[in-house]
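Have a look at run-v1.cif below; it lists mmCIF, C-alpha atoms and all ligand atoms.
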data_run
#
loop_
_atom_site.label_atom_id
_atom_site.label_comp_id
_atom_site.auth_asym_id
_atom_site.auth_seq_id
_atom_site.Cartn_x
_atom_site.Cartn_y
_atom_site.Cartn_z
CA MET Z 1 0.00 0.00 0.00
CA ILE Z 2 1.27 3.45 -0.96
CA ALA Z 3 1.22 5.98 1.90
CA ILE Z 4 2.58 9.00 0.02
CA GLU Z 5 2.74 9.67 -3.68
CA ALA Z 6 4.09 12.78 -5.41
CA ARG Z 7 3.36 13.14 -9.11
CA SER Z 8 5.35 15.84 -10.90
CA VAL Z 9 4.91 18.21 -7.97
CA VAL Z 10 5.87 21.84 -8.51
CA LYS Z 11 6.16 24.75 -6.08
CA THR Z 12 6.86 28.20 -7.41
CA PHE Z 13 7.64 31.39 -5.51
CA GLY Z 14 7.40 34.07 -8.21
CA ALA Z 15 9.96 33.11 -10.82
CA LEU Z 16 11.68 30.57 -8.53
CA ARG Z 17 10.78 26.90 -9.01
CA ALA Z 18 11.55 25.73 -5.48
CA VAL Z 19 10.16 22.28 -6.35
CA ASP Z 20 10.52 21.50 -10.01
CA GLY Z 21 8.60 18.38 -11.00
CA VAL Z 22 9.22 15.89 -8.18
CA SER Z 23 7.78 12.36 -8.25
CA PHE Z 24 8.21 9.65 -5.62
CA LYS Z 25 6.26 6.97 -3.78
CA VAL Z 26 6.55 5.93 -0.15
CA GLU Z 27 5.10 2.62 0.96
CA ARG Z 28 3.22 2.18 4.19
CA GLY Z 29 5.62 1.62 7.07
CA GLU Z 30 8.59 2.93 5.14
CA THR Z 31 10.89 5.73 6.28
CA TYR Z 32 11.74 7.96 3.33
CA GLY Z 33 14.41 10.63 3.57
CA LEU Z 34 14.72 13.87 1.63
CA LEU Z 35 18.38 14.89 1.56
CA GLY Z 36 20.02 17.81 -0.16
CA PRO Z 37 21.70 21.14 0.38
CA ASN Z 38 20.05 24.21 1.90
CA GLY Z 39 17.35 25.47 -0.43
CA ALA Z 40 16.95 22.17 -2.31
CA GLY Z 41 13.17 22.17 -1.76
CA LYS Z 42 12.75 19.62 1.06
CA THR Z 43 10.68 21.80 3.39
CA SER Z 44 8.59 23.05 0.46
CA ILE Z 45 7.51 19.47 -0.35
CA MET Z 46 6.69 18.75 3.27
CA ARG Z 47 4.68 21.93 3.68
CA MET Z 48 2.59 21.14 0.60
CA LEU Z 49 1.93 17.61 1.83
CA ALA Z 50 0.88 18.97 5.23
CA GLY Z 51 -1.52 21.44 3.61
CA LEU Z 52 0.48 24.39 4.93
CA SER Z 53 1.30 25.71 1.47
CA PRO Z 54 -0.66 25.44 -1.82
CA ILE Z 55 0.60 23.11 -4.53
CA SER Z 56 1.62 25.02 -7.70
CA GLY Z 57 1.53 22.04 -10.05
CA GLY Z 58 1.27 18.26 -10.13
CA GLU Z 59 -0.48 16.16 -7.47
CA LEU Z 60 0.21 14.85 -3.98
CA PHE Z 61 -1.59 11.89 -2.43
CA LEU Z 62 -1.68 10.70 1.14
CA SER Z 63 -3.13 7.20 1.67
CA GLY Z 64 -4.73 7.59 -1.76
CA LEU Z 65 -6.37 10.94 -0.92
CA ASN Z 66 -5.56 13.90 -3.13
CA VAL Z 67 -4.09 16.45 -0.72
CA ALA Z 68 -5.51 19.43 -2.62
CA GLU Z 69 -9.06 18.05 -2.48
CA HIS Z 70 -9.23 16.34 0.90
CA SER Z 71 -7.24 18.59 3.17
CA ARG Z 72 -9.27 17.82 6.32
CA ALA Z 73 -9.10 14.06 5.88
CA VAL Z 74 -5.40 14.31 5.09
CA ARG Z 75 -4.72 16.40 8.16
CA ALA Z 76 -6.47 13.83 10.35
CA ARG Z 77 -4.06 11.14 9.14
CA LEU Z 78 -0.92 13.20 9.39
CA GLY Z 79 1.47 14.28 12.14
CA VAL Z 80 3.80 17.17 11.38
CA VAL Z 81 7.03 18.22 13.06
CA THR Z 82 8.15 21.44 11.42
CA GLN Z 83 11.66 22.89 11.28
CA ALA Z 84 10.55 25.57 13.80
CA ASP Z 85 8.68 23.46 16.32
CA GLY Z 86 5.67 25.76 16.86
CA LEU Z 87 5.27 24.90 20.55
CA ASP Z 88 3.67 27.40 22.91
CA GLY Z 89 6.44 28.29 25.33
CA GLU Z 90 4.14 29.68 28.03
CA LEU Z 91 1.96 26.60 28.24
CA SER Z 92 3.01 23.50 30.10
CA VAL Z 93 4.17 20.36 28.35
CA ARG Z 94 0.82 18.68 29.04
CA GLN Z 95 -1.19 21.73 27.92
CA ASN Z 96 0.70 21.84 24.62
CA LEU Z 97 -0.23 18.24 23.99
CA GLU Z 98 -3.86 18.60 25.05
CA VAL Z 99 -4.47 21.80 23.08
CA PHE Z 100 -3.07 20.09 20.03
CA GLY Z 101 -5.30 17.10 20.77
CA PHE Z 102 -8.38 19.34 20.54
CA LEU Z 103 -7.10 20.71 17.23
CA VAL Z 104 -6.95 17.22 15.76
CA GLY Z 105 -10.47 16.49 16.98
CA LEU Z 106 -10.01 14.66 20.30
CA SER Z 107 -12.41 15.26 23.19
CA ARG Z 108 -11.02 16.68 26.44
CA ARG Z 109 -10.98 13.20 27.98
CA GLN Z 110 -9.41 11.56 24.93
CA ALA Z 111 -6.76 14.30 24.80
CA ARG Z 112 -5.87 13.73 28.44
CA ILE Z 113 -5.54 9.98 27.98
CA ARG Z 114 -3.53 10.32 24.79
CA ALA Z 115 -1.25 12.96 26.36
CA ASP Z 116 -0.43 10.49 29.15
CA GLU Z 117 0.42 7.85 26.55
CA VAL Z 118 2.75 10.02 24.50
CA LEU Z 119 4.38 11.51 27.63
CA GLY Z 120 5.14 7.97 28.73
CA PHE Z 121 6.41 6.95 25.33
CA PHE Z 122 8.77 9.93 25.14
CA ARG Z 123 9.77 9.65 28.81
CA LEU Z 124 8.60 13.21 29.45
CA GLY Z 125 6.09 12.29 32.17
CA ASP Z 126 8.08 13.91 34.96
CA ARG Z 127 8.16 17.19 33.03
CA ALA Z 128 4.42 17.25 32.27
CA SER Z 129 3.76 20.38 34.28
CA SER Z 130 6.93 22.27 33.30
CA GLU Z 131 6.52 25.27 31.06
CA VAL Z 132 7.92 24.54 27.60
CA ASP Z 133 10.28 27.51 27.95
CA GLU Z 134 11.95 25.69 30.86
CA LEU Z 135 12.82 22.63 28.77
CA SER Z 136 16.20 21.96 27.23
CA GLY Z 137 16.45 22.06 23.42
CA GLY Z 138 16.44 18.27 23.24
CA MET Z 139 13.37 17.85 25.41
CA ARG Z 140 11.61 20.52 23.41
CA ARG Z 141 12.34 18.72 20.18
CA ARG Z 142 11.09 15.45 21.62
CA LEU Z 143 7.94 17.21 22.80
CA ALA Z 144 7.38 18.51 19.24
CA ILE Z 145 7.57 14.94 17.98
CA ALA Z 146 5.36 13.74 20.83
CA ARG Z 147 2.79 16.33 19.90
CA ALA Z 148 2.66 15.07 16.31
CA LEU Z 149 1.58 11.70 17.74
CA MET Z 150 -1.47 13.03 19.57
CA GLY Z 151 -3.83 12.10 16.74
CA GLU Z 152 -2.27 8.63 16.15
CA PRO Z 153 -1.27 9.53 12.60
CA GLU Z 154 -0.61 7.06 9.77
CA VAL Z 155 2.09 9.30 8.36
CA ILE Z 156 4.48 11.62 10.16
CA ILE Z 157 6.45 14.38 8.49
CA LEU Z 158 9.65 15.28 10.29
CA ASP Z 159 11.62 18.26 9.06
CA GLU Z 160 15.13 17.88 10.50
CA PRO Z 161 13.98 16.04 13.62
CA SER Z 162 17.29 16.03 15.48
CA THR Z 163 18.93 19.29 14.47
CA GLY Z 164 20.58 20.87 17.49
CA LEU Z 165 20.38 17.82 19.74
CA ASP Z 166 23.27 16.40 21.72
CA PRO Z 167 24.38 12.86 20.75
CA GLU Z 168 22.48 11.24 23.61
CA SER Z 169 19.21 13.03 22.79
CA ARG Z 170 19.59 12.23 19.10
CA ILE Z 171 19.89 8.55 19.81
CA ARG Z 172 16.84 8.82 22.07
CA VAL Z 173 14.89 10.42 19.20
CA TRP Z 174 16.12 7.71 16.82
CA GLU Z 175 14.93 5.00 19.20
CA GLU Z 176 11.56 6.68 19.48
CA LEU Z 177 11.25 6.95 15.71
CA ALA Z 178 12.24 3.29 15.40
CA GLU Z 179 9.36 2.41 17.74
CA LEU Z 180 6.96 4.23 15.43
CA LYS Z 181 8.37 2.36 12.51
CA ARG Z 182 7.69 -0.91 14.26
CA ALA Z 183 4.10 0.28 14.67
CA ASP Z 184 3.91 0.59 10.86
CA VAL Z 185 3.83 4.39 10.85
CA THR Z 186 5.16 5.91 7.62
CA LEU Z 187 7.83 8.57 8.09
CA LEU Z 188 8.85 11.28 5.64
CA MET Z 189 11.87 13.09 6.99
CA SER Z 190 14.58 15.51 5.99
CA THR Z 191 18.00 15.64 7.55
CA HIS Z 192 21.48 17.04 7.02
CA TYR Z 193 23.03 14.27 9.13
CA MET Z 194 24.25 11.40 6.99
CA ASP Z 195 24.49 9.01 9.93
CA GLU Z 196 20.88 9.80 10.78
CA ALA Z 197 19.77 9.10 7.22
CA GLU Z 198 21.78 5.89 7.12
CA THR Z 199 20.33 4.73 10.44
CA LEU Z 200 16.69 5.65 9.95
CA CYS Z 201 15.83 5.76 6.26
CA ASP Z 202 14.79 2.78 4.17
CA ARG Z 203 15.08 4.89 1.03
CA ILE Z 204 16.43 8.33 0.26
CA ALA Z 205 15.83 10.92 -2.41
CA ILE Z 206 18.78 13.19 -3.07
CA MET Z 207 17.46 16.61 -4.01
CA HIS Z 208 19.09 19.55 -5.67
CA SER Z 209 17.49 22.73 -7.05
CA GLY Z 210 13.97 21.41 -6.62
CA ARG Z 211 14.62 18.10 -8.34
CA ILE Z 212 15.37 14.54 -7.30
CA LEU Z 213 18.82 13.65 -8.62
CA ASP Z 214 18.68 10.04 -7.50
CA GLU Z 215 16.72 7.75 -5.25
CA GLY Z 216 17.52 4.46 -3.56
CA THR Z 217 18.43 2.65 -0.36
CA PRO Z 218 21.50 4.06 1.39
CA PRO Z 219 23.71 1.13 0.22
CA GLU Z 220 22.45 1.53 -3.36
CA LEU Z 221 23.28 5.22 -3.39
CA VAL Z 222 26.69 4.58 -1.87
CA SER Z 223 27.65 1.94 -4.40
CA ARG Z 224 26.27 4.01 -7.29
CA HIS Z 225 28.02 7.26 -6.45
CA ALA Z 226 30.90 6.54 -4.08
CA GLY Z 227 31.93 2.98 -4.84
CA SER Z 228 32.60 0.42 -2.14
CA ALA Z 229 35.76 1.85 -0.62
CA ALA Z 230 36.91 5.34 0.19
CA MET Z 231 40.04 6.73 1.69
CA ASP Z 232 41.16 9.66 3.72
CA ILE Z 233 44.63 11.02 3.06
CA ARG Z 234 46.32 13.13 5.71
CA PRO Z 235 49.26 14.84 4.02
CA ASN Z 236 52.19 16.48 5.70
CA GLY Z 237 52.81 20.11 4.76
CA SER Z 238 55.07 19.50 1.80
CA SER Z 239 53.16 16.58 0.24
CA ARG Z 240 49.86 18.43 -0.17
CA GLU Z 241 50.61 19.82 -3.61
CA SER Z 242 52.01 16.52 -4.87
CA ILE Z 243 48.96 14.60 -3.67
CA ARG Z 244 46.67 17.09 -5.34
CA ARG Z 245 48.53 16.60 -8.64
CA GLN Z 246 48.33 12.82 -8.43
CA LEU Z 247 44.66 12.86 -7.56
CA ASP Z 248 43.91 15.25 -10.42
CA ALA Z 249 45.77 12.96 -12.81
CA SER Z 250 44.02 9.84 -11.46
CA GLY Z 251 40.53 11.14 -12.26
CA LEU Z 252 39.31 10.08 -8.78
CA ASN Z 253 36.67 12.11 -6.97
CA TYR Z 254 38.26 13.94 -4.11
CA ARG Z 255 37.68 16.88 -1.89
CA GLU Z 256 39.99 18.72 0.44
CA VAL Z 257 38.22 18.92 3.77
CA GLY Z 258 40.28 20.63 6.44
CA ALA Z 259 43.47 18.65 6.99
CA LEU Z 260 42.22 15.71 4.87
CA PHE Z 261 41.77 14.74 1.27
CA ARG Z 262 38.65 12.59 1.13
CA VAL Z 263 38.74 10.31 -1.88
CA THR Z 264 35.92 8.21 -3.31
CA GLY Z 265 36.28 5.70 -6.10
CA GLY Z 266 32.95 6.14 -7.81
CA HIS Z 267 31.22 3.51 -9.96
CA GLY Z 268 32.10 0.62 -7.68
CA ALA Z 269 35.88 0.74 -8.10
CA PRO Z 270 37.95 1.33 -4.97
CA PRO Z 271 40.37 4.21 -5.33
CA ALA Z 272 43.97 3.14 -6.04
CA LEU Z 273 46.40 4.30 -3.39
CA PRO Z 274 48.80 6.96 -4.57
CA THR Z 275 52.44 6.14 -3.88
CA ILE Z 276 53.73 9.01 -1.83
CA ASP Z 277 56.05 8.56 1.09
CA GLY Z 278 55.37 9.98 4.48
CA ILE Z 279 51.62 10.39 4.19
CA GLN Z 280 48.94 8.71 6.20
CA VAL Z 281 46.23 6.97 4.21
CA THR Z 282 43.18 5.45 5.86
CA GLU Z 283 40.99 3.11 3.85
CA ARG Z 284 37.41 2.72 4.99
CA ALA Z 285 34.00 1.67 3.69
CA ALA Z 286 32.31 4.38 1.63
CA ASN Z 287 29.27 6.01 3.25
CA LEU Z 288 26.50 8.46 2.44
CA GLU Z 289 28.72 11.42 3.21
CA ASP Z 290 30.99 10.29 0.38
CA VAL Z 291 27.95 10.26 -1.91
CA PHE Z 292 27.48 13.95 -1.23
CA LEU Z 293 31.18 14.69 -1.59
CA ALA Z 294 31.19 12.84 -4.92
CA LEU Z 295 28.07 14.64 -6.13
CA ALA Z 296 29.43 17.97 -4.92
CA GLY Z 297 32.49 17.34 -7.05
CA ARG Z 298 30.10 17.14 -9.98
CA GLY Z 299 28.40 20.44 -9.21
CA LEU Z 300 25.98 19.78 -6.33
CA GLN Z 301 26.38 22.61 -3.89
CA GLU Z 302 24.29 25.05 -1.97
CA ASP Z 303 21.42 26.23 -4.13
CA GLN Z 304 21.46 29.85 -5.11
CA ALA Z 305 18.01 31.41 -5.05
N1 LIG N 1 7.82 31.54 1.51
C1 LIG N 1 8.78 31.60 0.59
N2 LIG N 1 8.89 32.65 -0.25
C2 LIG N 1 9.85 32.71 -1.20
N3 LIG N 1 10.78 31.75 -1.39
C3 LIG N 1 10.73 30.67 -0.59
C4 LIG N 1 9.75 30.55 0.44
N4 LIG N 1 9.96 29.37 1.09
C5 LIG N 1 11.03 28.81 0.49
N5 LIG N 1 11.49 29.58 -0.52
C6 LIG N 1 12.63 29.26 -1.40
O1 LIG N 1 12.41 27.98 -1.95
C7 LIG N 1 13.63 27.27 -2.06
C8 LIG N 1 13.49 25.95 -1.35
O2 LIG N 1 13.37 26.18 0.02
P1 LIG N 1 13.12 25.02 1.08
O3 LIG N 1 12.82 25.66 2.39
O4 LIG N 1 12.11 24.08 0.54
O5 LIG N 1 14.55 24.30 1.10
P2 LIG N 1 15.11 23.15 2.05
O6 LIG N 1 15.58 22.06 1.14
O7 LIG N 1 14.13 22.81 3.09
O8 LIG N 1 16.40 23.84 2.67
P3 LIG N 1 17.04 23.74 4.17
O9 LIG N 1 17.95 22.57 4.13
O10 LIG N 1 17.81 25.02 4.29
O11 LIG N 1 15.94 23.65 5.16
C9 LIG N 1 14.72 28.19 -1.49
O12 LIG N 1 15.33 28.85 -2.57
C10 LIG N 1 13.93 29.17 -0.64
O13 LIG N 1 14.58 30.41 -0.57
MG MG N 2 14.15 22.94 5.12
#
Represent the structure of the file as structure tokens.
Amino acid sequence: MIAIEARSVVKTFGALRAVDGVSFKVERGETYGLLGPNGAGKTSIMRMLAGLSPISGGELFLSGLNVAEHSRAVRARLGVVTQADGLDGELSVRQNLEVFGFLVGLSRRQARIRADEVLGFFRLGDRASSEVDELSGGMRRRLAIARALMGEPEVIILDEPSTGLDPESRIRVWEELAELKRADVTLLMSTHYMDEAETLCDRIAIMHSGRILDEGTPPELVSRHAGSAAMDIRPNGSSRESIRRQLDASGLNYREVGALFRVTGGHGAPPALPTIDGIQVTERAANLEDVFLALAGRGLQEDQA
């Protein structure tokens, strides 16, 4: 069963085509990631799906319902965690949940019961009467996700769910999202963290300038764009120029990142080691970050509006 379908979706802001003909399908229970540089169009797609922004062209479906025609029914099936969390800082944790419960159509009693459930699930029960403004950033983010669960949605949209969280809180959020996945909830998420995408997403769309450049499971994308092996070269001061020359001549994808040269093989072939004395080369398995470095080498970079 298809939970989300985008058919040639377009979003324009004046002359800008922020989303430029995007099509994808997400199956029920799947976690689908939108990845891409700032301004690629990720939030624009999510806002259209959530009914927060009109669709300029094409069609979006949620559980078979056309989003443009059935906005109420769609909203009842959807939980949304926006980039700016939209919590009311002066209300308590519990009040935020209950008020949101009314908005999604729960009675006062149902909202109270459901709030207890999600507070338990997110281990926020002992903070139920704290004002939101007193919470740490991580707790606040988890409350925003908890709130999206008030209506027991089939699909949850998460725009950068763990941005700004410490490592411990991020893993907590990941575990909570994994629980939802086990409950067959469909997740559409965006992230700039490659480890997050690799851990959570079943499939990923790589976006750039409002388009999907490629789509696949994380291992598929890695083998397609970064090959199986990658290496990091740490030059000493005098070898930097010589390494650069050899890498240029080899035709390998590489990028100088701080003190390192990060080299990907591309097209399945592991990069051949250059023969330079006195440098430290570390071979490792290629990962999603290498995919972006490889694509960046071919012109993917921050979108200019
Ligand atoms: N309300 C708006 N009015 C005008 N332009 C907008 C508006 N919202 C977004 N844009 C533009 O649309 C493009 C896509 O923006 P969007 O927020 O979808 O990107 P994103 O992929 O979510 O980026 P980020 O990773 O920074 O969150 C950008 O060029 C942005 O400036
Ligand atoms: Mg965004």
task: Point out the residue among Z:Gly210, Z:Gly251, Z:Gly64, Z:Gly58 with the least atom-to-atom distance to Val19 of chain Z, counting all atoms listed in the file.
output: Z:Gly210
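In this comparison, which uses all atoms listed in the file, the residue of Z:Leu135, Z:Asp232, Z:Glu175, Z:Asp166 approaching Phe121 of chain Z most closely is Z:Glu175.
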task: Can you pull out every residue within 8 Å of segment 187-189 of chain Z, counting all atoms listed in the file, but drop anything in the same chain fewer than 2 positions away, and send it as a list in words?
output: Gly29, Glu30, Thr31, Tyr32, Gly33, Leu34, Val155, Ile156, Ile157, Leu158, Asp159, Glu160, Pro161, Lys181, Val185 and Thr191 of chain Z
- prompt: Do you know which residues lie at most 10 Å from (12.0, 14.4, 25.2), with coordinates as in the file and all atoms listed in the file counted, and could you write them as JSON, numbers by chain?
  reply: {"Z": [119, 121, 122, 123, 124, 125, 127, 135, 136, 137, 138, 139, 140, 141, 142, 143, 144, 145, 146, 169, 170, 172, 173, 176]}
message: Any residue with an atom at most 8 Å from ligand MG 2 (chain N) counts, using all atoms listed in the file. Which are they? Put them as a VMD selection string.
response: chain Z and resid 38 to 44 83 159 to 160 190
query: From the list Z:Ser130, Z:Ser53, Z:Ser228, Z:Thr199, which residue is nearest ligand LIG 1 (chain N) when using only C-alpha atoms and all ligand atoms?
result: Z:Ser53
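When only C-alpha atoms are used to compute distances to Val104 of chain Z, the closest of the residues Z:Asp214, Z:Asp133, Z:Glu152, Z:Asp85 turns out to be Z:Glu152.
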For atom N3 of ligand LIG 1 (chain N) and atom CA of Phe13 of chain Z, the interatomic separation in Å (one decimal):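 A separation of 5.2 Å between them.
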Extending 4 Å beyond the listed atoms of segment 221-239 of chain Z on each side, what axis-aligned box results? I want centre and edge lengths in Å to one decimal, as lines of an AutoDock Vina configuration file.
center_x = 39.2
center_y = 10.3
center_z = -0.8
size_x = 39.8
size_y = 27.7
size_z = 21.0
- request: Could you tell me which of Z:Glu134, Z:Leu103, Z:Ala111, Z:Tyr193 comes closest to ligand LIG 1 (chain N) if we count only C-alpha atoms and all ligand atoms?
  value: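 Residue with the minimum atom-to-atom distance to ligand LIG 1 (chain N): Z:Tyr193.
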field: Distance criterion (all atoms listed in the file): nearest to Leu213 of chain Z out of Z:Ala229, Z:Leu35, Z:Val74, Z:Ala15
entry: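 Under the stated criterion, the closest residue is Z:Leu35.
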Can you pull out the residues contacting Val10 of chain Z? Cut-off 7 Å, using all atoms listed in the file, and skip same-chain residues under 2 positions away; I want them as a PDB file with C-alpha atoms, in the frame of the given file.
ATOM      1  CA  SER Z   8       5.350  15.840 -10.900  1.00  0.00           C
ATOM      2  CA  THR Z  12       6.860  28.200  -7.410  1.00  0.00           C
ATOM      3  CA  VAL Z  19      10.160  22.280  -6.350  1.00  0.00           C
ATOM      4  CA  ASP Z  20      10.520  21.500 -10.010  1.00  0.00           C
ATOM      5  CA  GLY Z  21       8.600  18.380 -11.000  1.00  0.00           C
ATOM      6  CA  VAL Z  22       9.220  15.890  -8.180  1.00  0.00           C
ATOM      7  CA  ILE Z  55       0.600  23.110  -4.530  1.00  0.00           C
ATOM      8  CA  SER Z  56       1.620  25.020  -7.700  1.00  0.00           C
ATOM      9  CA  GLY Z  57       1.530  22.040 -10.050  1.00  0.00           C
ATOM     10  CA  GLY Z  58       1.270  18.260 -10.130  1.00  0.00           C
TER      11      GLY Z  58
END
- prompt: When you draw a straight line from atom CA of Met231 of chain Z to atom CA of Leu295 of chain Z, how long is it in Å?
  reply: 16.3 Å
